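Working notes for the structure below.
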Amino acid sequence: MTKSHPDLSDIVATIGRDMGAHLGGGKVADYIPALARVDPRRFGMAVIGCDGQTAETGDAWMPFSIQSISKVFTLTMALERLGDDLWKRVGREPSGSRFNSIVQLEHEQGIPRNPFINAGAIVVTDALLAGRPPAEGVAEIRDFMRRRADTETLDVDPEVVSSEAATGFRNQSLASFMRGFGNLHSPVDEVLEVYFNQCAVRITCRQLARAGLFLANAGKDPINGDVVTTSKRARRIAAVMMTCGHYDASGEFAFHVGLPGKSGVGGGILAIVPGKAAVAVWSPGLDEAGTSYVGAMALKRLAAATRWSVF
Ligand code: GLU
């Protein structure tokens with residue numbers, strides 16, 4: 001890691017040890033049956049610096065379900081494809097509501113508050129799909145993720161896809177509602193097929209931190225040189241992560257951790273340290289808002305020890 005943080009490996013190792021006392025805290029998501037079977041005592045953390053150096057602890061190499069963290073990557077792809085026109089179909093204000101809430105959509109004419117609540121992410125996926133067959137959209141997202149994570153082995157877990165499809169009544173409602181307002185262009189089942197697949201990508205902390213690194217480095221992958229997005233967009237994506245990345249607990253995360261982040265109900269969190277590093281944590285037990293309980297605790301410790309909070 002950089003010279004200003006010579007002891008990062010020690011910090012991460014200490015966090016790994018300290019989290020031992022908290023393992024099993026929180027509640028594993030059970031509304032998607034395939035996620036409910038994950039061992040709640042798992043914990044992993046990986047930090048990758050913009051200079052390529054890494055520090056990791058625990059189950060950093062164990063794959064988990066990316067879930068809503070995929071929304072960061074589809075937002076990046078859709079902004080590249082559509083530019084600022086995307087913001088005509090989805091807002092960028094915190095919702096203050098749960099991830100799968102439908103209440104605001106009625107008042108706001110089917111335009112979701114932000115791209116990270118489920119409704120917003122479904123619109124982003126529809127924008128990306130742009131009327132093509134779902135299999136094309138799924139392959140495009142998977143290939144983007146593989147390139148970003150620098151691995152050819154990244155794939156979708158078919159069991160999680162069918163589990164989400166079998167229980168996705170709320171997502172079906174959100175999507176149908178938005179189609180009623182004309183804000184979903186492809187058929188509901190096609191958009192949801194892509195959305196469920198993107199949420200079911202299996203990824204490790206190590207791969208996730210690697211995949212998010214371009215956001216810490218002004219839109220450019222510092223390791224392979226890919227220009228993934230412009231620095232302005234990278235800044236804006238990070239801003240939306242800060243304000244909306246944890247649903248109705250985004251304020252809490254900013255308060256305690258002070259880094260742009262995105263959680264997923266699989267128990268993963270991606271956090272960005274602008275100009276310095278990308279961090280991924282995973283522990284399956286969730287707090288009430290659907291953010292990893294031990295994962296958020298570990299990030300709070302990391303931000304305190306490194307003084308990486310942006311505030
Ligand atoms: N696939 C999940 C859903 O749509 C994602 C939710 C999350 O990770 O917060 O219900």
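Please note that chains go A, B, ... in the order of the structure tokens, that every chain numbers its residues from 1, and that ligands are numbered from 1 in the order shown.
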Counting only C-alpha atoms and all ligand atoms, what residues are within 10 Å of ligand 1, given as JSON, numbers by chain?
-> {"A": [29, 31, 32, 65, 66, 67, 68, 69, 70, 71, 98, 99, 100, 116, 117, 118, 119, 121, 122, 160, 161, 163, 164, 165, 167, 168, 169, 170, 171, 172, 192, 195, 196, 197, 198, 199, 200, 245, 246, 247, 262, 263, 264, 265, 266, 267, 268, 269, 289, 290, 291]}
Need the shell around Leu23 of chain A: protein/DNA/RNA residues with any atom at most 10 Å away, counting only C-alpha atoms. Skip same-chain ones fewer than 6 positions apart. Format as a short mmCIF file (atom, residue, chain, number, x, y, z; two decimals) with N, CA, C and O atoms, in the first residue's frame?
data_model
loop_
_atom_site.label_atom_id
_atom_site.label_comp_id
_atom_site.auth_asym_id
_atom_site.auth_seq_id
_atom_site.Cartn_x
_atom_site.Cartn_y
_atom_site.Cartn_z
N PRO A 40 -23.84 -17.81 8.37
CA PRO A 40 -23.82 -16.42 8.85
C PRO A 40 -22.51 -16.01 9.51
O PRO A 40 -22.29 -14.83 9.75
N ARG A 41 -21.62 -16.98 9.80
CA ARG A 41 -20.39 -16.63 10.52
C ARG A 41 -19.21 -16.31 9.60
O ARG A 41 -18.08 -16.17 10.04
N ARG A 42 -19.48 -16.19 8.33
CA ARG A 42 -18.41 -15.83 7.39
C ARG A 42 -18.07 -14.35 7.48
O ARG A 42 -18.94 -13.52 7.71
N PHE A 43 -16.80 -14.05 7.28
CA PHE A 43 -16.39 -12.64 7.18
C PHE A 43 -15.14 -12.55 6.30
O PHE A 43 -14.17 -13.28 6.50
N SER A 283 -20.05 -10.24 4.97
CA SER A 283 -20.51 -11.05 6.09
C SER A 283 -22.03 -11.09 5.97
O SER A 283 -22.68 -10.04 5.87
N PRO A 284 -22.63 -12.30 5.95
CA PRO A 284 -24.01 -12.41 5.49
C PRO A 284 -25.11 -11.84 6.41
O PRO A 284 -26.19 -11.52 5.93
N GLY A 285 -24.84 -11.70 7.72
CA GLY A 285 -25.89 -11.19 8.62
C GLY A 285 -26.15 -9.71 8.34
O GLY A 285 -25.22 -8.91 8.28
N TYR A 293 -24.14 -6.37 8.82
CA TYR A 293 -23.92 -5.84 10.18
C TYR A 293 -22.42 -5.84 10.52
O TYR A 293 -21.85 -4.81 10.88
N VAL A 294 -21.77 -6.98 10.35
CA VAL A 294 -20.35 -7.06 10.67
C VAL A 294 -19.53 -6.32 9.61
O VAL A 294 -18.52 -5.68 9.91
N GLY A 295 -19.99 -6.37 8.36
CA GLY A 295 -19.28 -5.67 7.28
C GLY A 295 -19.21 -4.17 7.54
O GLY A 295 -18.14 -3.55 7.41
#
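The coordinates place atom CA of Asp39 of chain A at 16.6 Å from atom CA of Glu159 of chain A.
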Using backbone DSSP assignments, extract all strand (DSSP E) residues from segment 67-282 of chain A; output them as a VMD selection string.
-> chain A and resid 155 to 156 201 to 203 261 to 263 268 to 273 277 to 282
Counting only C-alpha atoms, which of A:Val191, A:Cys50, A:Trp61, A:Ala130 gets nearest to Lys220 of chain A?
-> A:Cys50
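Between Glu80 of chain A and the residues A:Ala127, A:Ile48, A:Val201, A:Ala304, the shortest atom-to-atom distance, using only C-alpha atoms, involves A:Ala127.
Using only C-alpha atoms, the smallest distance between any of A:Thr229, A:Thr125, A:Ser173, A:Asn217 and His185 of chain A comes from A:Thr125.
Considering only C-alpha atoms, the residue among A:Val257, A:Met45, A:Leu35, A:Ala139 positioned nearest to Gln207 of chain A is A:Met45.
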Closest of A:Leu82, A:Lys27, A:Phe177, A:Ala60 to Ser101 of chain A, counting only C-alpha atoms, is A:Phe177
Residue with the minimum atom-to-atom distance to Gly58 of chain A, picked from A:Met241, A:Ala271, A:Ala298, A:Ala175 with only C-alpha atoms counted, is A:Ala298
Hey, what does DSSP flag as helix (DSSP H, G or I) within segment 200-253 of chain A? Can you give it to me as number ranges by chain?
-> A: 205-216, 231-244, 247-253
So that I can see what lies close to Asp155 of chain A, please list as an mmCIF file with C-alpha atoms, in the first residue's frame the residues with an atom at most 9 Å from it, counting only C-alpha atoms and leaving out residues fewer than 2 positions away in the same chain.
data_model
loop_
_atom_site.group_PDB
_atom_site.id
_atom_site.type_symbol
_atom_site.label_atom_id
_atom_site.label_comp_id
_atom_site.auth_asym_id
_atom_site.auth_seq_id
_atom_site.Cartn_x
_atom_site.Cartn_y
_atom_site.Cartn_z
ATOM 1 C CA ARG A 142 -21.324 -10.481 -17.012
ATOM 2 C CA ARG A 146 -15.375 -10.065 -15.656
ATOM 3 C CA GLU A 152 -12.807 -14.967 -16.651
ATOM 4 C CA THR A 153 -14.385 -17.242 -14.071
ATOM 5 C CA ASP A 157 -25.467 -18.527 -9.783
ATOM 6 C CA ALA A 200 -26.957 -13.357 -8.814
ATOM 7 C CA VAL A 201 -23.343 -12.831 -9.919
ATOM 8 C CA ARG A 202 -20.992 -14.733 -7.596
ATOM 9 C CA ILE A 203 -17.981 -12.673 -6.595
#
